[in-house]
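Worksheet: one structure, shown below.
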Amino acid sequence: MDQHRSHGSSGCNQRSSYKRGGDDGGRNRSDKRFRTIHHQSGSDPVQNPPTSQGLSTRRELYERDFPVYKQPVEVGCFSLDSGRRFFNDSRQMRYYVEPDRNPNFDLRDGYTDRFTKRDDSVKEKLDHILRWIVVNRSKLNSRSTTTSSCGLDVDFVTWRGHLTKLLTTPYETREGWSLAVTRFRDTLYISEVETEAARRERENRTERHEEMMYWGYKFEQYICADSLHSSPDPGGVVNTNEAFCTVVQTRLSDHRLLFSGEVDCRDKDSSASAPPASYVELKTSAEICTPKQRSNFHRFKLLKWWAQSFLPGVPRIVAGFRDHEGTVVSVETFHVSKISHLIKNEYNCWKPTVCMNFCSDFLSFVKCVAVEDNPSVVYLFCWEPRRDVTYTIHRDSHYSFLPHWFVQEMTNSQDSHHQP
Ligand code: 0WD
Ligand code: CA
């Protein structure tokens, strides 16, 4: 994993320009990443300050040395069963069975008679990760025995998928995002809020699109076995409620991260490396027939694939290329560490360093903006393509996402730590 140090500093003190009010005494006028935004006055729940800082997403501002990104360490895992119930174990782990290079898998098989689809109108927010934290707290707070601030020993808690969106932001031209942030006991929790555009798209998917979403899960079923000594069962039911999730800890610049991501399967060979190095990400994509298609694959798809797997340290992506009828015509393995070399010949292509520096700067921005430590306050960071990242503040609103049981559990277990 790259571990080059970045030269820029990212603390709030050096970057007073992050702070609201726009009174930076001119210190950051030369820093083009942070811009004063004049908000329109409106009647929203809580008013923005008249002026506040936004964060630019222009690529050229993030072309610095690669920031420190520590090798992610798996600190735990959990499973979600066919009814989306949480288990603090690896019961949903699946094992990789190498397919033929030209397997002719029929991805349409079982649609819709052997398919149970997760209800994606149900927003689970961070709940499963929070559940994992409550059960595994002792693994996380090493400083709790020596200091009075009995928080988790991490700066950010989130889903890997949210970080993937941050990494790809400088190159995204179509889809914006909204991320809700709450500071609680000095940890910043980041949970996505579905944008209006995303909701409309979800509610108006075509039947063709629904079926193509199934194809990805069907590919997994052709390749994954439920146990070390069994074979994949393409005759079974595809149930997208089921998930195995890894929980990893790492550091990006000076940001200590704890995040979880869904893992498709692991290498069967028990002498192979420990997780996350033994994990395999599975993907499907349209077969590549023209140079233009190859270029688009490199420029757009490999960016998303790289970002998603690089974050948790998953080293291998196995891709099934399918025709228009949903037949997998070829299978190819991509080594995540080699993807940035593969794309070097593309004109004006994406750069890993831009992705990581933008993410790092966004997290610094969040640290400086989200200052009030309060489980019911949400700082909502929003971004649309070709715009800066902006934020609004919401108290006791429908955006609040830390559940009472989590706040209570964390408060109680802290109190009990302090009893003689
Ligand atoms: O309600 C939501 N929109 C969210 C749900 C937001 C964030 C996470 N989640 C849940 C997912 O249902 C899943 O259990 O968290 C888990 C995955 O989190 P992640 O790893 O952080 O998400 P991401 O990297 O975006 O997706 C990883 C895999 C996907 O694989 P592909 O190869 O398609 O990228 O998780 C699956 C999917 O297999 N996945 C989902 N499965 C069912 N419903 C969903 C979803 N909404 N999103 C991702
Ligand atoms: Ca996958």
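In the structure tokens, chains take the letters A, B, ... in the order shown, each chain's residues start at 1, and ligands count up from 1 in the order shown.
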Tell me, counting only C-alpha atoms, for each residue of region 305-385 of chain A within 9 Å of region 145-169 of chain A, which pair of atoms is nearest and how far apart they are in Å to one decimal, in rows ordered by chain and increasing number, as CSV.
residue,atom,partner,partner_atom,distance
A:Ala307,CA,A:Thr164,CA,5.6
A:Gln308,CA,A:Thr164,CA,5.3
A:Ser309,CA,A:Thr164,CA,8.8
A:Leu311,CA,A:Arg160,CA,7.1
A:Pro312,CA,A:Arg160,CA,7.5
A:Trp350,CA,A:Thr168,CA,8.9
A:Pro352,CA,A:Leu167,CA,8.4
A:Val354,CA,A:Leu167,CA,8.1
A:Cys355,CA,A:Leu167,CA,4.4
A:Met356,CA,A:Leu167,CA,6.0
A:Asn357,CA,A:Leu167,CA,8.4
A:Phe358,CA,A:Leu167,CA,6.8
A:Cys359,CA,A:Leu167,CA,5.6
A:Phe362,CA,A:Leu166,CA,8.0
A:Leu363,CA,A:Phe156,CA,8.5
A:Lys367,CA,A:Asp155,CA,8.6
A:Trp383,CA,A:Thr169,CA,8.8
A:Pro385,CA,A:Thr169,CA,8.1
Against ligand 1, which residues of chain A fall within 8 Å? For each one I want the closest pair of atoms and the distance in Å (one decimal), counting only C-alpha atoms and all ligand atoms, rows by chain and increasing residue number, as CSV.
residue,atom,partner,partner_atom_place_in_ligand_line,distance
A:Leu80,CA,ligand 1,14 (O),7.5
A:Lys117,CA,ligand 1,42 (C),7.9
A:Arg118,CA,ligand 1,42 (C),5.9
A:Asp119,CA,ligand 1,43 (N),7.5
A:Asp120,CA,ligand 1,46 (N),5.3
A:Ser121,CA,ligand 1,1 (O),7.4
A:Val122,CA,ligand 1,1 (O),6.6
A:Lys123,CA,ligand 1,1 (O),4.5
A:Glu124,CA,ligand 1,1 (O),5.5
A:Lys125,CA,ligand 1,1 (O),6.1
A:Leu126,CA,ligand 1,7 (C),7.8
A:Thr158,CA,ligand 1,21 (O),8.0
A:Trp159,CA,ligand 1,21 (O),4.2
A:Arg160,CA,ligand 1,21 (O),3.8
A:Gly161,CA,ligand 1,21 (O),3.4
A:His162,CA,ligand 1,21 (O),6.3
A:Leu163,CA,ligand 1,21 (O),7.9
A:Thr164,CA,ligand 1,24 (O),6.9
A:Ser191,CA,ligand 1,6 (C),7.9
A:Glu192,CA,ligand 1,6 (C),6.6
A:Glu194,CA,ligand 1,3 (N),7.2
A:Gly216,CA,ligand 1,33 (O),6.7
A:Tyr217,CA,ligand 1,38 (O),6.8
A:Thr240,CA,ligand 1,42 (C),5.5
A:Asn241,CA,ligand 1,42 (C),6.5
A:Glu242,CA,ligand 1,14 (O),7.5
A:Ala243,CA,ligand 1,14 (O),5.6
A:Phe244,CA,ligand 1,14 (O),7.7
A:Cys245,CA,ligand 1,16 (C),7.1
A:Phe259,CA,ligand 1,21 (O),7.9
A:Ser260,CA,ligand 1,21 (O),6.0
A:Gly261,CA,ligand 1,20 (O),3.2
A:Glu262,CA,ligand 1,20 (O),3.8
A:Val263,CA,ligand 1,20 (O),6.9
A:Asp264,CA,ligand 1,38 (O),7.3
A:Glu281,CA,ligand 1,32 (O),6.9
A:Leu282,CA,ligand 1,32 (O),6.0
A:Lys283,CA,ligand 1,32 (O),5.2
A:Thr284,CA,ligand 1,32 (O),7.8
A:Trp305,CA,ligand 1,34 (O),7.7
A:Gln308,CA,ligand 1,24 (O),5.8
Would you mind exporting N, CA and C atoms of the selected residues as a compact mmCIF listing (two decimals), in the first residue's frame?
# COMPACT_ATOMS: atom_id res chain seq x y z
N LEU A 80 -25.28 -10.58 7.89
CA LEU A 80 -26.71 -10.28 7.85
C LEU A 80 -27.36 -11.46 7.15
N LYS A 117 -35.38 -10.14 -3.26
CA LYS A 117 -34.67 -8.86 -3.34
C LYS A 117 -34.80 -8.09 -2.03
N ARG A 118 -33.68 -7.55 -1.58
CA ARG A 118 -33.72 -6.69 -0.40
C ARG A 118 -34.59 -5.47 -0.69
N ASP A 119 -35.35 -5.04 0.29
CA ASP A 119 -36.19 -3.85 0.14
C ASP A 119 -35.31 -2.61 0.29
N ASP A 120 -34.93 -2.01 -0.84
CA ASP A 120 -33.97 -0.90 -0.74
C ASP A 120 -34.64 0.45 -0.45
N SER A 121 -35.95 0.41 -0.14
CA SER A 121 -36.57 1.64 0.36
C SER A 121 -36.37 1.74 1.88
N VAL A 122 -35.95 0.62 2.51
CA VAL A 122 -35.66 0.64 3.94
C VAL A 122 -34.25 1.19 4.14
N LYS A 123 -34.14 2.29 4.85
CA LYS A 123 -32.83 2.91 5.06
C LYS A 123 -32.26 2.47 6.41
N GLU A 124 -31.21 1.66 6.35
CA GLU A 124 -30.65 1.11 7.58
C GLU A 124 -29.61 2.04 8.20
N LYS A 125 -29.23 3.05 7.43
CA LYS A 125 -28.22 4.02 7.89
C LYS A 125 -27.00 3.28 8.45
N LEU A 126 -26.48 3.70 9.60
CA LEU A 126 -25.27 3.02 10.11
C LEU A 126 -25.61 1.89 11.08
N THR A 158 -18.05 4.97 9.32
CA THR A 158 -18.92 5.06 8.15
C THR A 158 -18.94 3.74 7.39
N TRP A 159 -19.73 3.69 6.30
CA TRP A 159 -19.68 2.57 5.37
C TRP A 159 -18.56 2.81 4.36
N ARG A 160 -17.94 1.74 3.91
CA ARG A 160 -16.95 1.83 2.85
C ARG A 160 -17.54 2.48 1.60
N GLY A 161 -18.81 2.16 1.28
CA GLY A 161 -19.45 2.69 0.09
C GLY A 161 -19.52 4.22 0.10
N HIS A 162 -19.67 4.80 1.29
CA HIS A 162 -19.70 6.28 1.37
C HIS A 162 -18.32 6.85 1.05
N LEU A 163 -17.29 6.18 1.53
CA LEU A 163 -15.91 6.64 1.23
C LEU A 163 -15.61 6.48 -0.26
N THR A 164 -16.13 5.41 -0.87
CA THR A 164 -15.93 5.22 -2.31
C THR A 164 -16.48 6.43 -3.07
N SER A 191 -23.24 9.20 7.53
CA SER A 191 -24.28 8.33 7.00
C SER A 191 -24.96 8.99 5.81
N GLU A 192 -25.06 8.25 4.73
CA GLU A 192 -25.62 8.84 3.50
C GLU A 192 -27.11 9.13 3.62
N GLU A 194 -30.24 9.65 0.96
CA GLU A 194 -30.56 9.49 -0.46
C GLU A 194 -30.98 10.85 -1.06
N GLY A 216 -25.67 -9.21 -11.43
CA GLY A 216 -24.47 -9.13 -10.58
C GLY A 216 -24.51 -10.15 -9.45
N TYR A 217 -25.68 -10.28 -8.83
CA TYR A 217 -25.82 -11.24 -7.73
C TYR A 217 -25.80 -12.67 -8.24
N THR A 240 -30.68 -11.12 -1.75
CA THR A 240 -29.75 -10.00 -1.57
C THR A 240 -29.83 -9.38 -0.17
N ASN A 241 -30.62 -10.01 0.71
CA ASN A 241 -30.56 -9.58 2.12
C ASN A 241 -29.29 -10.07 2.79
N GLU A 242 -28.80 -11.20 2.30
CA GLU A 242 -27.66 -11.83 2.95
C GLU A 242 -26.37 -11.07 2.64
N ALA A 243 -25.56 -10.90 3.67
CA ALA A 243 -24.30 -10.18 3.47
C ALA A 243 -23.28 -10.59 4.51
N PHE A 244 -22.02 -10.62 4.08
CA PHE A 244 -20.90 -10.74 5.00
C PHE A 244 -20.14 -9.42 4.92
N CYS A 245 -19.92 -8.79 6.06
CA CYS A 245 -19.26 -7.49 6.07
C CYS A 245 -17.99 -7.52 6.91
N PHE A 259 -14.40 1.58 9.25
CA PHE A 259 -15.52 1.43 8.32
C PHE A 259 -15.78 -0.04 8.02
N SER A 260 -16.98 -0.28 7.50
CA SER A 260 -17.37 -1.63 7.15
C SER A 260 -17.75 -1.70 5.69
N GLY A 261 -17.48 -2.82 5.07
CA GLY A 261 -17.84 -3.02 3.67
C GLY A 261 -18.25 -4.46 3.44
N GLU A 262 -19.16 -4.64 2.50
CA GLU A 262 -19.60 -5.99 2.16
C GLU A 262 -18.51 -6.68 1.33
N VAL A 263 -18.22 -7.93 1.70
CA VAL A 263 -17.20 -8.71 1.00
C VAL A 263 -17.88 -9.89 0.31
N ASP A 264 -17.55 -10.11 -0.97
CA ASP A 264 -18.24 -11.15 -1.73
C ASP A 264 -17.79 -12.54 -1.32
N GLU A 281 -13.29 -9.52 -4.63
CA GLU A 281 -14.45 -8.74 -5.05
C GLU A 281 -14.92 -9.24 -6.41
N LEU A 282 -16.21 -9.47 -6.56
CA LEU A 282 -16.76 -9.95 -7.82
C LEU A 282 -17.54 -8.83 -8.52
N LYS A 283 -17.39 -8.76 -9.83
CA LYS A 283 -18.04 -7.72 -10.62
C LYS A 283 -18.53 -8.29 -11.93
N THR A 284 -19.56 -7.65 -12.50
CA THR A 284 -19.90 -7.95 -13.88
C THR A 284 -19.88 -6.64 -14.66
N TRP A 305 -14.23 0.63 -9.38
CA TRP A 305 -13.77 -0.67 -8.86
C TRP A 305 -12.51 -0.49 -8.02
N GLN A 308 -13.33 1.26 -4.55
CA GLN A 308 -14.06 0.40 -3.62
C GLN A 308 -13.17 -0.66 -2.97
Original post:
Which is closer to ligand 2 than all the others in A:Ser270, A:Met213, A:Gly326, A:Ala277, using only C-alpha atoms and all ligand atoms?
Top reply: A:Met213
Nearby residues (only C-alpha atoms) at most 7 Å from Ser330 (chain A), same-chain spacing under 3 positions excluded, as a PDB file with C-alpha atoms, in the first residue's frame:
ATOM      1  CA  ARG A 101     -12.153 -18.334 -18.425  1.00  0.00           C
ATOM      2  CA  ASN A 102     -15.128 -18.609 -20.805  1.00  0.00           C
ATOM      3  CA  PRO A 103     -17.866 -20.004 -18.598  1.00  0.00           C
ATOM      4  CA  GLY A 320     -17.344 -11.420 -15.564  1.00  0.00           C
ATOM      5  CA  PHE A 321     -17.874  -9.792 -18.966  1.00  0.00           C
TER       6      PHE A 321
END
**OP:** Per DSSP on the backbone, filter region 171-313 of chain A down to the residues in alpha helix (DSSP H) and report them as a PyMOL selection string.
**Re:** chain A and resi 196-203+207-223+291-296+302-310
Selection above as a file: N, CA, C and O atoms, as a compact mmCIF listing (two decimals), in the first residue's frame:
# COMPACT_ATOMS: atom_id res chain seq x y z
N GLU A 196 -32.76 13.41 -3.77
CA GLU A 196 -34.04 13.37 -4.49
C GLU A 196 -33.87 12.67 -5.83
O GLU A 196 -34.70 11.85 -6.22
N ALA A 197 -32.78 13.00 -6.54
CA ALA A 197 -32.54 12.40 -7.86
C ALA A 197 -32.38 10.88 -7.74
O ALA A 197 -32.93 10.12 -8.54
N ALA A 198 -31.66 10.43 -6.69
CA ALA A 198 -31.43 8.99 -6.51
C ALA A 198 -32.74 8.30 -6.16
O ALA A 198 -33.00 7.18 -6.62
N ARG A 199 -33.58 8.98 -5.35
CA ARG A 199 -34.87 8.38 -4.99
C ARG A 199 -35.74 8.23 -6.24
O ARG A 199 -36.33 7.17 -6.48
N ARG A 200 -35.77 9.27 -7.06
CA ARG A 200 -36.56 9.20 -8.30
C ARG A 200 -36.08 8.05 -9.18
O ARG A 200 -36.86 7.29 -9.73
N GLU A 201 -34.75 7.94 -9.28
CA GLU A 201 -34.20 6.89 -10.13
C GLU A 201 -34.57 5.50 -9.59
O GLU A 201 -34.94 4.60 -10.35
N ARG A 202 -34.47 5.35 -8.25
CA ARG A 202 -34.80 4.06 -7.64
C ARG A 202 -36.27 3.70 -7.86
O ARG A 202 -36.60 2.56 -8.14
N GLU A 203 -37.14 4.71 -7.74
CA GLU A 203 -38.57 4.44 -7.86
C GLU A 203 -39.02 4.28 -9.31
O GLU A 203 -40.13 3.81 -9.56
N GLU A 207 -37.79 -2.27 -16.02
CA GLU A 207 -37.73 -3.71 -15.77
C GLU A 207 -36.37 -4.25 -16.22
O GLU A 207 -35.77 -5.09 -15.54
N ARG A 208 -35.86 -3.73 -17.34
CA ARG A 208 -34.54 -4.14 -17.84
C ARG A 208 -33.45 -3.82 -16.80
O ARG A 208 -32.59 -4.64 -16.52
N HIS A 209 -33.52 -2.63 -16.22
CA HIS A 209 -32.54 -2.23 -15.21
C HIS A 209 -32.63 -3.13 -13.98
O HIS A 209 -31.62 -3.58 -13.44
N GLU A 210 -33.87 -3.42 -13.54
CA GLU A 210 -34.07 -4.30 -12.38
C GLU A 210 -33.42 -5.66 -12.65
O GLU A 210 -32.73 -6.21 -11.80
N GLU A 211 -33.63 -6.17 -13.87
CA GLU A 211 -33.08 -7.48 -14.19
C GLU A 211 -31.55 -7.43 -14.23
O GLU A 211 -30.87 -8.33 -13.72
N MET A 212 -31.01 -6.35 -14.79
CA MET A 212 -29.55 -6.25 -14.87
C MET A 212 -28.91 -6.13 -13.49
O MET A 212 -27.77 -6.55 -13.28
N MET A 213 -29.65 -5.54 -12.54
CA MET A 213 -29.12 -5.50 -11.17
C MET A 213 -29.02 -6.91 -10.59
O MET A 213 -28.11 -7.22 -9.83
N TYR A 214 -29.96 -7.75 -10.97
CA TYR A 214 -29.95 -9.16 -10.53
C TYR A 214 -28.72 -9.90 -11.07
O TYR A 214 -28.13 -10.73 -10.37
N TRP A 215 -28.32 -9.57 -12.29
CA TRP A 215 -27.22 -10.29 -12.93
C TRP A 215 -25.95 -10.31 -12.08
O TRP A 215 -25.23 -11.30 -12.02
N GLY A 216 -25.67 -9.21 -11.43
CA GLY A 216 -24.47 -9.13 -10.58
C GLY A 216 -24.51 -10.15 -9.45
O GLY A 216 -23.51 -10.81 -9.15
N TYR A 217 -25.68 -10.28 -8.83
CA TYR A 217 -25.82 -11.24 -7.73
C TYR A 217 -25.80 -12.67 -8.24
O TYR A 217 -25.30 -13.57 -7.58
N LYS A 218 -26.36 -12.88 -9.43
CA LYS A 218 -26.38 -14.22 -10.01
C LYS A 218 -24.94 -14.67 -10.32
O LYS A 218 -24.59 -15.83 -10.08
N PHE A 219 -24.13 -13.75 -10.78
CA PHE A 219 -22.72 -14.07 -11.05
C PHE A 219 -22.04 -14.55 -9.77
O PHE A 219 -21.31 -15.54 -9.78
N GLU A 220 -22.32 -13.85 -8.66
CA GLU A 220 -21.74 -14.27 -7.37
C GLU A 220 -22.13 -15.72 -7.07
O GLU A 220 -21.31 -16.50 -6.60
N GLN A 221 -23.41 -16.05 -7.35
CA GLN A 221 -23.87 -17.40 -7.00
C GLN A 221 -23.14 -18.49 -7.81
O GLN A 221 -22.91 -19.58 -7.31
N TYR A 222 -22.76 -18.18 -9.05
CA TYR A 222 -22.03 -19.14 -9.88
C TYR A 222 -20.61 -19.39 -9.36
O TYR A 222 -19.98 -20.39 -9.68
N ILE A 223 -20.09 -18.45 -8.57
CA ILE A 223 -18.67 -18.48 -8.22
C ILE A 223 -18.42 -18.77 -6.74
O ILE A 223 -17.34 -19.23 -6.37
N PRO A 291 -12.43 -0.12 -29.17
CA PRO A 291 -11.47 0.69 -28.41
C PRO A 291 -12.17 1.73 -27.54
O PRO A 291 -11.74 2.02 -26.43
N LYS A 292 -13.26 2.29 -28.05
CA LYS A 292 -14.03 3.29 -27.28
C LYS A 292 -14.60 2.67 -26.00
O LYS A 292 -14.54 3.27 -24.92
N GLN A 293 -15.09 1.43 -26.13
CA GLN A 293 -15.62 0.74 -24.95
C GLN A 293 -14.52 0.44 -23.94
O GLN A 293 -14.71 0.56 -22.74
N ARG A 294 -13.35 0.06 -24.46
CA ARG A 294 -12.22 -0.21 -23.57
C ARG A 294 -11.83 1.05 -22.82
O ARG A 294 -11.60 1.04 -21.61
N SER A 295 -11.77 2.16 -23.55
CA SER A 295 -11.39 3.43 -22.95
C SER A 295 -12.41 3.84 -21.87
O SER A 295 -12.04 4.24 -20.77
N ASN A 296 -13.68 3.71 -22.16
CA ASN A 296 -14.71 4.04 -21.17
C ASN A 296 -14.62 3.15 -19.94
O ASN A 296 -14.79 3.61 -18.81
N LEU A 302 -13.26 1.26 -14.04
CA LEU A 302 -12.10 0.87 -13.21
C LEU A 302 -11.85 1.86 -12.09
O LEU A 302 -11.33 1.48 -11.04
N LEU A 303 -12.22 3.12 -12.25
CA LEU A 303 -12.11 4.09 -11.15
C LEU A 303 -12.95 3.63 -9.96
O LEU A 303 -12.48 3.55 -8.83
N LYS A 304 -14.21 3.28 -10.23
CA LYS A 304 -15.11 2.87 -9.14
C LYS A 304 -14.63 1.55 -8.52
O LYS A 304 -14.65 1.39 -7.30
N TRP A 305 -14.23 0.63 -9.38
CA TRP A 305 -13.77 -0.67 -8.86
C TRP A 305 -12.51 -0.49 -8.02
O TRP A 305 -12.37 -1.09 -6.95
N TRP A 306 -11.59 0.30 -8.51
CA TRP A 306 -10.35 0.52 -7.77
C TRP A 306 -10.66 1.14 -6.40
O TRP A 306 -10.19 0.65 -5.37
N ALA A 307 -11.44 2.23 -6.40
CA ALA A 307 -11.71 2.95 -5.15
C ALA A 307 -12.35 2.03 -4.11
O ALA A 307 -11.95 1.99 -2.95
N GLN A 308 -13.33 1.26 -4.55
CA GLN A 308 -14.06 0.40 -3.62
C GLN A 308 -13.17 -0.66 -2.97
O GLN A 308 -13.30 -0.94 -1.78
N SER A 309 -12.29 -1.27 -3.75
CA SER A 309 -11.46 -2.35 -3.20
C SER A 309 -10.19 -1.85 -2.55
O SER A 309 -9.69 -2.47 -1.59
N PHE A 310 -9.65 -0.75 -3.03
CA PHE A 310 -8.43 -0.19 -2.42
C PHE A 310 -8.70 0.19 -0.97
O PHE A 310 -7.86 -0.06 -0.09
Thr250 (chain A): which residues within 10 Å, counting only C-alpha atoms, same-chain residues fewer than 3 positions away excluded, as a short mmCIF file (atom, residue, chain, number, x, y, z; two decimals) with all heavy atoms, in the first residue's frame?
data_model
loop_
_atom_site.label_atom_id
_atom_site.label_comp_id
_atom_site.auth_asym_id
_atom_site.auth_seq_id
_atom_site.Cartn_x
_atom_site.Cartn_y
_atom_site.Cartn_z
N TYR A 69 -1.75 6.34 3.66
CA TYR A 69 -2.92 5.48 3.83
C TYR A 69 -2.41 4.16 4.39
O TYR A 69 -1.78 3.37 3.69
CB TYR A 69 -3.68 5.26 2.51
CG TYR A 69 -5.02 4.59 2.74
CD1 TYR A 69 -6.02 5.25 3.46
CD2 TYR A 69 -5.28 3.31 2.28
CE1 TYR A 69 -7.24 4.66 3.71
CE2 TYR A 69 -6.52 2.70 2.52
CZ TYR A 69 -7.49 3.38 3.23
OH TYR A 69 -8.71 2.78 3.49
N LYS A 70 -2.67 3.97 5.69
CA LYS A 70 -2.12 2.78 6.34
C LYS A 70 -2.83 1.52 5.85
O LYS A 70 -4.00 1.55 5.51
CB LYS A 70 -2.33 2.89 7.86
CG LYS A 70 -1.50 4.04 8.44
CD LYS A 70 -0.66 3.65 9.64
CE LYS A 70 -1.31 2.72 10.61
NZ LYS A 70 -0.37 2.39 11.71
N GLN A 71 -2.09 0.45 5.81
CA GLN A 71 -2.65 -0.85 5.46
C GLN A 71 -3.89 -1.12 6.33
O GLN A 71 -3.78 -1.14 7.55
CB GLN A 71 -1.58 -1.91 5.72
CG GLN A 71 -1.97 -3.32 5.35
CD GLN A 71 -1.94 -3.53 3.85
OE1 GLN A 71 -0.97 -3.23 3.18
NE2 GLN A 71 -3.03 -4.06 3.33
N PRO A 72 -5.04 -1.31 5.73
CA PRO A 72 -6.24 -1.55 6.54
C PRO A 72 -6.13 -2.86 7.31
O PRO A 72 -5.65 -3.87 6.78
CB PRO A 72 -7.37 -1.63 5.50
CG PRO A 72 -6.80 -1.01 4.26
CD PRO A 72 -5.33 -1.27 4.30
N VAL A 73 -6.58 -2.84 8.56
CA VAL A 73 -6.53 -4.02 9.41
C VAL A 73 -7.96 -4.44 9.73
O VAL A 73 -8.77 -3.61 10.15
CB VAL A 73 -5.78 -3.72 10.73
CG1 VAL A 73 -5.87 -4.90 11.70
CG2 VAL A 73 -4.33 -3.36 10.45
N GLU A 74 -8.26 -5.71 9.52
CA GLU A 74 -9.61 -6.18 9.88
C GLU A 74 -9.69 -6.32 11.39
O GLU A 74 -8.93 -7.07 12.00
CB GLU A 74 -9.92 -7.51 9.20
CG GLU A 74 -11.31 -8.01 9.54
CD GLU A 74 -11.71 -9.27 8.78
OE1 GLU A 74 -11.30 -10.37 9.21
OE2 GLU A 74 -12.42 -9.16 7.77
N VAL A 75 -10.65 -5.61 12.00
CA VAL A 75 -10.81 -5.70 13.46
C VAL A 75 -12.03 -6.54 13.83
O VAL A 75 -12.25 -6.83 15.00
CB VAL A 75 -10.91 -4.30 14.11
CG1 VAL A 75 -9.57 -3.58 14.03
CG2 VAL A 75 -12.01 -3.44 13.48
N VAL A 154 -11.34 6.34 17.35
CA VAL A 154 -11.35 6.64 15.92
C VAL A 154 -12.00 8.00 15.67
O VAL A 154 -12.80 8.47 16.46
CB VAL A 154 -12.09 5.56 15.09
CG1 VAL A 154 -11.41 4.22 15.20
CG2 VAL A 154 -13.55 5.45 15.51
N SER A 253 -4.06 10.15 6.11
CA SER A 253 -3.41 11.34 6.67
C SER A 253 -3.56 11.26 8.20
O SER A 253 -3.16 10.26 8.77
CB SER A 253 -4.03 12.62 6.12
OG SER A 253 -4.05 12.58 4.71
N HIS A 255 -6.45 11.12 9.80
CA HIS A 255 -7.81 10.70 10.10
C HIS A 255 -7.84 9.21 10.40
O HIS A 255 -7.56 8.39 9.53
CB HIS A 255 -8.73 11.00 8.93
CG HIS A 255 -8.64 12.41 8.42
ND1 HIS A 255 -8.87 13.50 9.23
CD2 HIS A 255 -8.33 12.90 7.19
CE1 HIS A 255 -8.71 14.60 8.51
NE2 HIS A 255 -8.37 14.27 7.28
N ARG A 256 -8.21 8.88 11.64
CA ARG A 256 -8.35 7.46 12.01
C ARG A 256 -9.74 7.00 11.61
O ARG A 256 -10.74 7.56 12.03
CB ARG A 256 -8.14 7.28 13.51
CG ARG A 256 -6.72 7.64 13.96
CD ARG A 256 -6.67 7.77 15.47
NE ARG A 256 -7.58 8.80 15.95
CZ ARG A 256 -7.91 8.98 17.22
NH1 ARG A 256 -7.41 8.20 18.15
NH2 ARG A 256 -8.74 9.95 17.57
N LEU A 257 -9.79 5.98 10.74
CA LEU A 257 -11.06 5.55 10.16
C LEU A 257 -11.45 4.16 10.65
O LEU A 257 -10.61 3.27 10.80
CB LEU A 257 -10.96 5.49 8.64
CG LEU A 257 -10.33 6.66 7.88
CD1 LEU A 257 -10.32 6.36 6.38
CD2 LEU A 257 -11.08 7.94 8.17
N LEU A 258 -12.76 4.00 10.89
CA LEU A 258 -13.33 2.68 11.13
C LEU A 258 -14.49 2.56 10.14
O LEU A 258 -15.41 3.37 10.17
CB LEU A 258 -13.85 2.56 12.56
CG LEU A 258 -14.52 1.22 12.89
CD1 LEU A 258 -13.48 0.14 13.14
CD2 LEU A 258 -15.42 1.34 14.12
N PHE A 259 -14.40 1.58 9.25
CA PHE A 259 -15.52 1.43 8.32
C PHE A 259 -15.78 -0.04 8.02
O PHE A 259 -14.94 -0.90 8.26
CB PHE A 259 -15.31 2.24 7.03
CG PHE A 259 -14.07 1.89 6.24
CD1 PHE A 259 -14.09 0.87 5.31
CD2 PHE A 259 -12.89 2.62 6.41
CE1 PHE A 259 -12.95 0.57 4.56
CE2 PHE A 259 -11.74 2.32 5.67
CZ PHE A 259 -11.78 1.29 4.74
N LEU A 311 -9.87 0.78 -0.70
CA LEU A 311 -10.18 1.27 0.65
C LEU A 311 -10.01 0.19 1.72
O LEU A 311 -9.28 0.41 2.69
CB LEU A 311 -11.59 1.87 0.67
CG LEU A 311 -11.70 3.31 0.14
CD1 LEU A 311 -13.15 3.66 -0.19
CD2 LEU A 311 -11.12 4.31 1.16
N PRO A 312 -10.66 -0.98 1.59
CA PRO A 312 -10.49 -1.99 2.64
C PRO A 312 -9.29 -2.91 2.41
O PRO A 312 -9.07 -3.84 3.17
CB PRO A 312 -11.79 -2.80 2.55
CG PRO A 312 -12.18 -2.70 1.12
CD PRO A 312 -11.69 -1.37 0.61
N GLY A 313 -8.50 -2.67 1.37
CA GLY A 313 -7.33 -3.51 1.13
C GLY A 313 -7.66 -4.85 0.50
O GLY A 313 -6.95 -5.84 0.71
#
Original post:
What separation in Å, quoted to one decimal, exists between CA of His335 (chain A) and CA of Cys289 (chain A)?
Top reply: 21.8 Å
Subject >> Shortest interatomic distance to ligand 2 - which of A:Ile393, A:Trp177, A:Arg316, A:Leu342, counting only C-alpha atoms and all ligand atoms >> reply: A:Arg316
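Look at region 230-236 of chain A: the protein and nucleic acid residues within 9 Å of it, using only C-alpha atoms and passing over chain neighbours fewer than 3 places away, are A:Tyr95, A:Tyr96, A:Val97, A:Asp109, A:Gly110, A:Arg114, A:Lys218, A:Gln221, A:Tyr222, A:Ile223, A:Cys224, A:Ala225, A:Asp226, A:Ser227.
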